[in-house]
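What follows is a short report on a single structure.
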Amino acid sequence: MSHPDRRTVLKAGATIAGLSLGGSAIAGSDRIETLIARMTPAEKAGQLSCFSDQIRPIGVPFNPGLANGGATDQLARIRTGAIGMLFNGVGYAGAKAAQDAAMATRLKIPLIFAGDVIHGLRTAYPLPIAEACAFDPDLAMRTSRAAALESTALGIHWTFAPMVDVARDQRWGRVAEGSGEDPYLGTQLAKARVRGFQGDDLRDPTRVAACAKHFAAYGAVSGGQDYNFTEISPATLNEVHLAPFKACVDAGVATLMSAFNDIDGVPSSGNHWLMTDLLRGQWRFKGMVVGDYTADEELIAHGYASDGRDAAKKAFMAGMDMAMQSNLFNRWLPDLVAKGEVPMARLDEAVRRVLQLKEAIGLFANPYRSVSRSAEKISVSTPAMLKLSREAGARSIVLLKNEGGLLPLKTNPGRIALIGPFGEDRKNVVGTWAFMADETLNVSIAQGLRARGLSVTAVAGSGIEAPLPGGIAAAVSAAQGADVVLLAIGESQLMSGEAQARTDIVVPEAQMALAEAVAATGKPVVVLLRHGRALALHGAVKAAPAILATWFLGSQSGHAITDILFGDVNPSAKLSVSFPNESGQEPYFYNHKSTGRPAPETGSQEYKSRYRETKNEALYPFGHGLSYTRFKVSAVSVPARMTDRIEVSAMVTNTGARSGDEVVQLYIHDRVASRTRPVRELKGFARVSLKAGESKPVRFALVRDDLRFWGDGDWVVEPGMFDLWVATSSVDGEKQAFELT
């Protein structure tokens with residue numbers, strides 16, 4: 001078998017076949033059955049237990065309140081067969097020591113090493129919510145491929161990614177990890193990331209097993225509050241939150257991770273219907289399910305289990321194959337089997353899935369796969385990876401506003417004042433879930449500008465959440481002496497991510513005071529937002545003539561932002577989430593349903609569905625994003641009737657003076673149905689590259705399944721009239737129509 005050289009450049013346009021783990025790829029072998037027959041219940045429980053790596057810690061405690069023991073204790077436990085997997089450790093020496101300990105056990109079953117490689121490892125790529133703005137599955141596949149290459153060089157076989165939760169409430173901190181508010185976009189990117197991580201053969205030592213998480217509906221937590229309960233209808237569950245998971249299963253994802261939240265009162269990590277009836281019965285998933293960090297133990301706090309023993313039994317019998325960090329499976333499964341409360345067949349089934357994963361990765365053939373001193377030297381933070389980080393960063397920046405053509409800046413823009421806490425900051429560059437990233441690679445905005453030979457006056461002006469003594473006065477002075485002001489403001493990377501829910505998703509007060517003072521100088525201001533979620537913009541920030549959504553872009557952030565500022569890269573990204581006018585609109589998403597009293601666009605809105613303070617619309621809607629050129633969609637052609645399939649076509653023209661890319665989007669609306677339907681639903685998108693003055697056709701195919709919805713316990717497709725838009729955002733485009741017969 002041949003595998004790609006680790007030094008191969010990560011090129012655009014590559015295609016990677018999906019890996020089917022539902023068939024022969026992980027079919028049980030004689031070796032696995034022989035091992036299972038020889039194992040004691042305690043050894044079997046050990047294979048189903050995983051723990052945070054204490055042998056090669058990452059430098060900062062991971063969930064420090066729950067971590068315990070140390071390297072000596074962990075190595076001793078491995079030698080007794082009590083551990084089947086370690087996670088969030090990197091490096092050759094510790095991996096070899098751990099695997100040596102596993103190879104010293106009676107049965108010599110290798111460990112599997114996992115990690116939270118969400119958007120890169122040492123080299124960080126844009127947050128997934130940012131990368132989703134590129135509307136480019138190929139880009140998502142390439143960054144996942146690069147992350148796999150680097151992860152395997154540092155001794156990781158399995159990543160707890162992609163996170164495919166659809167997130168419709170921007171107060172939830174974990175929106176940063178996913179692909180935004182739309183299930184169709186999320187589905188396309190989920191499949192691409194699975195393929196990027198896994199390739200078409202997991203035995204390839206440069207590939208990692210993927211893990212779709214969090215199964216399921218974690219993105220629907222009430223009030224956007226992490227770990228909270230959910231209130232969700234069967235239709236929303238099936239149409240929105242399960243869709244990306246089903247796509248991952250169909251794409252051959254190796255594993256799934258159960259979620260913390262409940263569904264209809266039953267916690268996901270103890271939910272037999274979810275993990276067994278649906279996942280294994282209807283979807284025919286053959287891979288392994290791992291619980292999230294102590295999710296089995298948390299059944300007690302949910303009030304769903306009485307104690308640790310009961311929690312282990314309920315999680316395991318519901319379909320969780322591997323417990324993370326709680327130690328409950330080690331402690332209780334042997335006793336539960338001995339007393340007949342857990343069938344031995346169920347225990348063997350779970351062990352078989354874990355061993356099949358290890359076999360599919362190639363660990364039985366080579367326990368030291370991905371444990372290599374040489375790989376650490378040639379496959380970490382390579383020039384190709386840094387180049388890709390910069391490319392992905394620029395492709396993820398959304399030009400929200402550009403009044404008067406302030407951007408792009410001239411080659412010689414005059415005196416630049418870079419104001420705000422993120423101007424010279426290199427710590428808040430990569431964003432959440434990048435705790436293993438190499439900070440020495442981080443490029444600040446100031447560094448990116450100075451790399452072009454520009455003279456930049458950088459003044460913080462304020463802290464992230466608190467004022468600085470004399471900060472505003474210094475900022476105003478710098479602005480007054482400048483020809484253009486770049487205002488680098490927003491969230492720190494600790495303000496989004498897990499456990500970082502916010503009630504008020506705005507720029508912090510101290511930074512708003514800074515923005516108002518700088519705007520009062522009358523100098524042209526370009527706002528460079530740094531954020532891990534959509535924000536409600538107010539005051540001088542909202543009124544600024546130019547606004548760029550720069551998110552957290554990864555290691556090469558400063559270079560990527562500079563590429564956009566000066567037009568080296570023409571912005572083409574589109575919002576993967578809607579920016580609300582006010583925090584109180586949340587949860588807000590473009591594909592909401594209508595009501596019996598929709599508020600009209602014009603005229604009186606009294607006694608209509610609305611807030612007193614704002615209209616039922618976004619400040620910047622899903623799919624919105626400007627360019628330094630202009631595009632026009634025309635000649636939309638839609639067949640009048642559809643039976644099984646139709647083709648929709650349109651002409652896209654670059655009417656401006658620069659080359660650029662436009663993301664053309666296809667939306668539909670079911671006019672009359674037996675269930676109320678969203679006002680619009682994304683059903684396709686296409687990225688079109690056009691020179692100035694050039695036109696190209698774009699085509700979309702719609703099939704009957706694209707028009708289905710969840711009815712009384714099953715999918716239904718109903719005949720009738722449908723509206724259709726070929727558009728450049730979720731709120732524009734000329735309405736067309738067709739009839740499904």
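Each chain in the structure tokens gets a letter, A, B, ..., in the order shown, and its residues are numbered from 1; ligands are numbered from 1 in order too.
In the backbone-derived DSSP annotation, alpha helix (DSSP H) within region 512-724 of chain A comprises Met512, Ala513, Leu514, Ala515, Glu516, Ala517, Val518, Ala519, Gly539, Ala540, Val541, Lys542, Ala543, Ser557, Gly558, His559, Ala560, Ile561, Thr562, Asp563, Ile564 and Leu565 of chain A.
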Point to revise | Pick from A:Gly554, A:Gly431, A:Gly291, A:Gly423 nearest to Leu528 (chain A), counting only C-alpha atoms | key: A:Gly423
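Relative to CA of Ala216 (chain A), CA of Leu111 (chain A) is found at 27.4 Å.
Minimum distance to Ala515 (chain A) across A:Thr40, A:Ser462, A:Thr255, A:Ser649 (counting only C-alpha atoms) occurs at A:Ser462.
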Practice item. Could you give me, as JSON, numbers by chain, the residues within 9 Å of Ala394 (chain A), counting only C-alpha atoms and dropping anything in the same chain fewer than 6 positions from it? Key: {"A": [550, 553, 557, 559, 560, 561, 562, 563, 564, 569, 570, 571, 572, 573]}
Residues just named, written with C-alpha atoms as a PDB file, in the first residue's frame:
```
ATOM      1  CA  THR A 550     -12.308  38.859  11.012  1.00  0.00           C
ATOM      2  CA  LEU A 553      -8.437  33.279  11.901  1.00  0.00           C
ATOM      3  CA  SER A 557      -4.268  35.995  11.214  1.00  0.00           C
ATOM      4  CA  HIS A 559      -1.193  38.384   7.279  1.00  0.00           C
ATOM      5  CA  ALA A 560      -4.687  37.242   6.247  1.00  0.00           C
ATOM      6  CA  ILE A 561      -6.290  40.480   7.479  1.00  0.00           C
ATOM      7  CA  THR A 562      -3.658  42.563   5.702  1.00  0.00           C
ATOM      8  CA  ASP A 563      -4.217  40.623   2.475  1.00  0.00           C
ATOM      9  CA  ILE A 564      -7.874  41.662   2.596  1.00  0.00           C
ATOM     10  CA  VAL A 569      -7.264  38.995  -1.772  1.00  0.00           C
ATOM     11  CA  ASN A 570     -10.720  40.180  -2.803  1.00  0.00           C
ATOM     12  CA  PRO A 571     -13.163  39.314   0.016  1.00  0.00           C
ATOM     13  CA  SER A 572     -15.654  36.646  -0.995  1.00  0.00           C
ATOM     14  CA  ALA A 573     -16.870  35.148   2.296  1.00  0.00           C
TER      15      ALA A 573
END
```
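Take the candidates A:Ala499, A:Gly115, A:Ala45, A:Phe364 and check each one against Tyr227 (chain A) using only C-alpha atoms; the shortest distance goes to A:Ala499.
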Practice item. Apply DSSP to the structure's backbone, then extract all residues of region 287-421 of chain A labelled strand (DSSP E or B) and return them as number ranges by chain. Key: A: 288-293, 322-324, 398-402, 416-419
Keeping only C-alpha atoms, take the residues you just selected and write them out as a CSV table (one decimal), in the first residue's frame.
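Output saved as again.csv:
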```
chain,number,residue,atom,x,y,z
A,288,MET,CA,-18.1,3.4,18.1
A,289,VAL,CA,-19.8,6.0,20.3
A,290,VAL,CA,-17.8,7.8,23.0
A,291,GLY,CA,-19.3,9.8,25.7
A,292,ASP,CA,-18.3,13.4,26.2
A,293,TYR,CA,-16.2,14.3,29.2
A,322,MET,CA,-16.6,4.3,25.7
A,323,ALA,CA,-16.7,6.5,28.8
A,324,MET,CA,-14.5,9.5,29.0
A,398,VAL,CA,-16.5,38.8,5.6
A,399,LEU,CA,-16.7,42.4,4.3
A,400,LEU,CA,-19.9,43.5,6.2
A,401,LYS,CA,-19.9,47.1,5.1
A,402,ASN,CA,-17.8,49.4,2.8
A,416,ILE,CA,-2.1,54.3,9.8
A,417,ALA,CA,-3.3,54.3,13.4
A,418,LEU,CA,-4.0,50.8,14.6
A,419,ILE,CA,-6.2,51.3,17.7
```
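Interatomic distance, CA of Leu149 (chain A) to CA of Tyr125 (chain A): 13.5 Å.
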Exercise for review: Can you pull out every residue within 12 Å of region 469-485 of chain A, counting only C-alpha atoms, but drop anything in the same chain fewer than 6 positions away, and send it as a PyMOL selection string?
Suggested key: chain A and resi 406-410+412-421+423+455-463+510-528+544-547+565
For the residues in that selection, give me C-alpha atoms as a short mmCIF file (atom, residue, chain, number, x, y, z; two decimals), in the first residue's frame.
```cif
data_model
loop_
_atom_site.label_atom_id
_atom_site.label_comp_id
_atom_site.auth_asym_id
_atom_site.auth_seq_id
_atom_site.Cartn_x
_atom_site.Cartn_y
_atom_site.Cartn_z
CA LEU A 406 -12.94 53.00 1.80
CA LEU A 407 -11.55 49.52 1.22
CA PRO A 408 -9.29 48.28 -0.17
CA LEU A 409 -6.65 50.61 1.18
CA LYS A 410 -4.24 52.19 -1.24
CA ASN A 412 0.52 53.75 0.20
CA PRO A 413 -2.38 54.66 2.52
CA GLY A 414 -0.51 57.33 4.43
CA ARG A 415 -0.33 57.30 8.20
CA ILE A 416 -2.09 54.32 9.81
CA ALA A 417 -3.33 54.32 13.39
CA LEU A 418 -3.97 50.80 14.60
CA ILE A 419 -6.15 51.26 17.65
CA GLY A 420 -7.70 48.70 19.97
CA PRO A 421 -6.67 45.87 22.29
CA GLY A 423 -3.83 45.56 17.27
CA SER A 455 4.54 52.69 9.20
CA VAL A 456 1.96 51.90 11.86
CA THR A 457 1.21 53.66 15.13
CA ALA A 458 -0.35 51.04 17.40
CA VAL A 459 -2.23 52.09 20.53
CA ALA A 460 -4.32 49.71 22.64
CA GLY A 461 -6.64 52.46 23.88
CA SER A 462 -8.42 50.09 26.27
CA GLY A 463 -8.27 46.64 27.69
CA ALA A 510 -14.70 49.69 27.55
CA GLN A 511 -14.04 49.12 23.86
CA MET A 512 -17.27 50.87 22.88
CA ALA A 513 -16.14 53.98 24.76
CA LEU A 514 -12.88 53.80 22.82
CA ALA A 515 -14.74 53.44 19.50
CA GLU A 516 -16.93 56.47 20.21
CA ALA A 517 -13.93 58.64 21.07
CA VAL A 518 -12.01 57.58 17.95
CA ALA A 519 -15.05 58.12 15.69
CA ALA A 520 -15.43 61.65 17.09
CA THR A 521 -12.09 62.62 15.51
CA GLY A 522 -13.77 62.41 12.10
CA LYS A 523 -11.03 60.22 10.64
CA PRO A 524 -12.07 57.34 8.36
CA VAL A 525 -12.42 54.19 10.46
CA VAL A 526 -12.19 50.55 9.39
CA VAL A 527 -13.52 48.24 12.13
CA LEU A 528 -11.69 44.93 12.41
CA ALA A 544 -18.27 52.96 10.90
CA PRO A 545 -17.92 53.28 7.11
CA ALA A 546 -16.15 49.92 6.77
CA ILE A 547 -16.51 46.76 8.88
CA LEU A 565 -7.25 45.26 3.71
#
```
Check your understanding: What separation in Å, quoted to one decimal, exists between CA of Arg612 (chain A) and CA of His624 (chain A)?
Key -> 25.1 Å
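Here the question is which of A:Asp277, A:Asp30, A:Glu150, A:Asp262 gets nearest to Gly303 (chain A) using only C-alpha atoms, and that residue is A:Asp262.
Nearest to Ser389 (chain A) of all the residues A:Phe422, A:Ser634, A:Ser144, A:Leu75 is A:Ser144, based on only C-alpha atoms.
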Practice item. With a distance cut-off of 7 Å and only C-alpha atoms, select the neighbouring residues of region 182-197 of chain A, excluding the residue or stretch itself and same-chain residues fewer than 4 positions from it, and output the selection as a ChimeraX atom specification. Key: /A:16-18,137-138,140-142,144-145,148,162,164,166,207-210,240,243-244,247-248,251,253,682-683
